[in-house]
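Report on the following structure.
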Amino acid sequence: MKRPTIADIARRAGVTKAAVSFALNGQPGVSAATRQRILAIAEEIGFQPNSAARALSDGRAGAFGLIIDRPARTLGVEPFFMQLISGIQAELSAGHTSLLFTVAEDQDAEIAMYRSWWAQRRVDGVFLVDLQVDDRRVAILEELRMPAVVIGPPAHAGSFPAVWQDDAAATRAVVEFLAEAGHRRIARVTGITRLWHTKIRSDAFTAVARAAGVEALLTEADYTAENGAAATRRLLLSGQPPTAILYDNDLMAVSGLGEAQRIGVSVPADLSIVAWDDSPTCEFVHPPLTALTRDIAASGAHAARLLAQLADGTPVGHVEEAPPVLTLRGSTGPAPRVPARPRPRSRD
C-alpha cells in the first residue's frame, strides 16, 4: 500500500533526492531537461509534493474516505446512506479516525478525487459503494494500491474485501411470499439500473417469478419519491395492472402508496406493497408497509473495521451479513379476486 515518494521519482529518473526536490520546487540546481523528466515522472506516478506535508509524521492521514455518485439533494431524504454513514462513523470514532465524505457528479469526477486524495495523503483508504456493471473504479484503486472495502457484491469487488448481503435470496423470499398469497402479476420498481445490486435483484426477480408461474414486470426508477410515484401511476393505469409491487427503497414505496391511494386503488385490498430497506417511515404511513429489514448501520461498522485492518496491512476477507428479513405489516395481503379499476383523480 505504498504511496509515491521523492525516492521513487529519484530512482526512476536516475538522480538524487535533492535533485528531485530542486526540480519539484522550481529551484536551480538541475538542467531544464532533467527538470522536465522529473516533473513528467511525478505526474505519471501521481506525486503531489505541495500536499504531502499534510500527512501525519508517521505517514498516516488518520481518515478514511467515502464518495457517493448520487445527486446531493437525494441523500438527505434517503435513509440508507444516513444509516450507513452512522455505522461507519460510530466505528471510526472509537479509533479517533475521521470520515472524509463528499458527493461526485459522475464516475470520472469520483476517480479524479480518489487520485487526488491518495496523492495528497488525505486518506488511508476508502469505502466503495454502488458498484456499477461497467465500473472502472475497482481497477483504478487496485492500480493506485489504495486500501478499499467494497460495500456490495464480492463477485465484482476485484481484489478488495466486500461487506455484502444476498440480494438474490431476499428477492426470492419476497416473490415466493407474494406468490403464495395468490398474486400472479407482480411488478418491481427498480433503482438505478447501472448498479450491480439492481441487476442482481432484477435477475433474481425475473427468474423466481418464472419458476413460480408469476408474470414479472420491471419498471425503472431512481430511488426518488417523484419517480417512484410516476412508476406506480404508469403500472396501475396500464391495461393489466399488477396486484403487488416491490420497490427498491422505502422512499419510492411510500410515494407509491400515496399515488395508489390518489387514483383510487386500495392497499392492501387491491394492491400489495413491499419496500426494500425498512425504516421508521414505513411504520408511520397508513397502512404501514411490509418491508425487508436489515441492519444497515451494522454493515457500515463492519466495513469500517475491515478498512482499518486493511490499512494496517492485515489481510482480510469478505464478510457476509445476515440476510434481510421480511417484516410483515398492513400493506400486504391476499391477491384480489377481481383486479382493481383505478379511478384517476386530480392531484390537487
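Following the order of the C-alpha cells, first chain is A, next is B, and so on, with residues numbered from 1 inside each chain and ligands from 1 in the order they appear.
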key: Exercise: A:Thr171 partners within 7 Å, only C-alpha atoms, chain neighbours under 3 positions left out, as an MDAnalysis selection string   = chainID A and resid 167:168 174:175 201 204:205
task = From the DSSP assignment of the backbone, select every residue of stretch 58-269 of chain A that is alpha helix (DSSP H), and format the answer as an NGL selection string.
result = :A and (72-75 or 79-94 or 107-119 or 137-144 or 167-180 or 196-211 or 225-236 or 250-262)
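Considering only C-alpha atoms, the residue among A:Val103, A:Leu144, A:Ala162, A:Ala269 positioned nearest to A:Leu128 is A:Ala162.
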Of the listed residues A:Glu226, A:Ala322, A:Leu39, A:Phe47, that which approaches A:Ile296 most closely, counting only C-alpha atoms = A:Ala322
Once you count only C-alpha atoms, what closest atom pair and distance in Å to one decimal does each residue of stretch 220-306 of chain A within 12 Å of stretch 115-125 of chain A have, with rows by chain and rising residue number, as JSON lines?
{"residue": "A:Ala303", "atom": "CA", "partner": "A:Gly125", "partner_atom": "CA", "distance": 11.5}
{"residue": "A:Ala304", "atom": "CA", "partner": "A:Gly125", "partner_atom": "CA", "distance": 10.1}
{"residue": "A:Arg305", "atom": "CA", "partner": "A:Gly125", "partner_atom": "CA", "distance": 11.9}
{"residue": "A:Leu306", "atom": "CA", "partner": "A:Gly125", "partner_atom": "CA", "distance": 10.7}
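The coordinates place atom CA of A:Tyr247 at 19.8 Å from atom CA of A:Pro153.
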request  = Output as a ChimeraX atom specification all residues of stretch 89-333 of chain A that backbone DSSP marks as strand (DSSP E).
outcome  = /A:98-103,126-129,148-151,162-164,185-190,215-220,244-247,272-276,290-293,319-320,325-327
request  = Identify, on the basis of only C-alpha atoms, every residue whose closest approach to A:Gly333 does not exceed 8 Å; exclude the query and any residue fewer than 3 positions from it along the same chain; express the result as a VMD selection string.
outcome  = chain A and resid 181 268 to 269 272 330
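Residue nearest A:Ala170 within the list A:Ala61, A:Leu292, A:Leu328, A:Ala187: A:Leu292 [criterion: smallest interatomic distance, only C-alpha atoms].
For the residues A:Pro241, A:Gly14, A:Gly46, A:Gly300, ranking by smallest atom-to-atom distance to A:Leu99 using only C-alpha atoms places A:Gly300 first.
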Using only C-alpha atoms, what table do you get, as CSV, when you list each residue of stretch 160-273 of chain A with an atom no more than 6 Å from stretch 132-142 of chain A, its nearest pair of atoms, and their distance in Å rounded to one decimal, rows by chain then rising number?
residue,atom,partner,partner_atom,distance
A:Arg194,CA,A:Gln132,CA,5.5
A:Leu195,CA,A:Gln132,CA,4.2
A:Trp196,CA,A:Gln132,CA,5.2
key: Residue contacts of A:Ala19 (9 Å, only C-alpha atoms) excluding same-chain residues fewer than 5 positions away, as a PyMOL selection string   = chain A and resi 10+24+29-30+34-35+38
With N, CA and C atoms retained, write the just-selected residues as a JSON list (two decimals), in the first residue's frame.
[["chain", "number", "residue", "atom", "x", "y", "z"],
["A", 10, "ALA", "N", 13.26, 9.77, -7.76],
["A", 10, "ALA", "CA", 14.71, 9.80, -7.93],
["A", 10, "ALA", "C", 15.22, 8.50, -8.54],
["A", 24, "LEU", "N", 11.08, 19.82, -8.28],
["A", 24, "LEU", "CA", 9.67, 19.94, -7.88],
["A", 24, "LEU", "C", 9.36, 21.31, -7.30],
["A", 29, "GLY", "N", 19.69, 24.19, -9.88],
["A", 29, "GLY", "CA", 20.48, 23.03, -9.45],
["A", 29, "GLY", "C", 20.34, 21.84, -10.36],
["A", 30, "VAL", "N", 19.38, 21.90, -11.30],
["A", 30, "VAL", "CA", 19.19, 20.82, -12.27],
["A", 30, "VAL", "C", 18.99, 21.46, -13.64],
["A", 34, "THR", "N", 16.49, 17.68, -17.25],
["A", 34, "THR", "CA", 16.29, 16.84, -16.06],
["A", 34, "THR", "C", 15.03, 17.26, -15.30],
["A", 35, "ARG", "N", 14.84, 18.58, -15.19],
["A", 35, "ARG", "CA", 13.64, 19.07, -14.51],
["A", 35, "ARG", "C", 12.38, 18.56, -15.22],
["A", 38, "ILE", "N", 11.85, 14.86, -14.49],
["A", 38, "ILE", "CA", 11.39, 14.63, -13.11],
["A", 38, "ILE", "C", 9.91, 15.00, -12.97]]
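With only C-alpha atoms as the basis for measurement, A:His302 is the residue among A:His96, A:Arg145, A:His302, A:Arg210 that approaches A:Val319 most closely.
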note = Restricting to only C-alpha atoms, whichever of A:Arg11, A:His183, A:Arg60, A:Arg188 is closest to A:Asn249 is A:Arg188
inquiry  = Need the shell around A:Arg70: protein/DNA/RNA residues with any atom at most 9 Å away, counting only C-alpha atoms. Skip same-chain ones fewer than 6 positions apart. Format as a PyMOL selection string?
reply    = chain A and resi 103-106
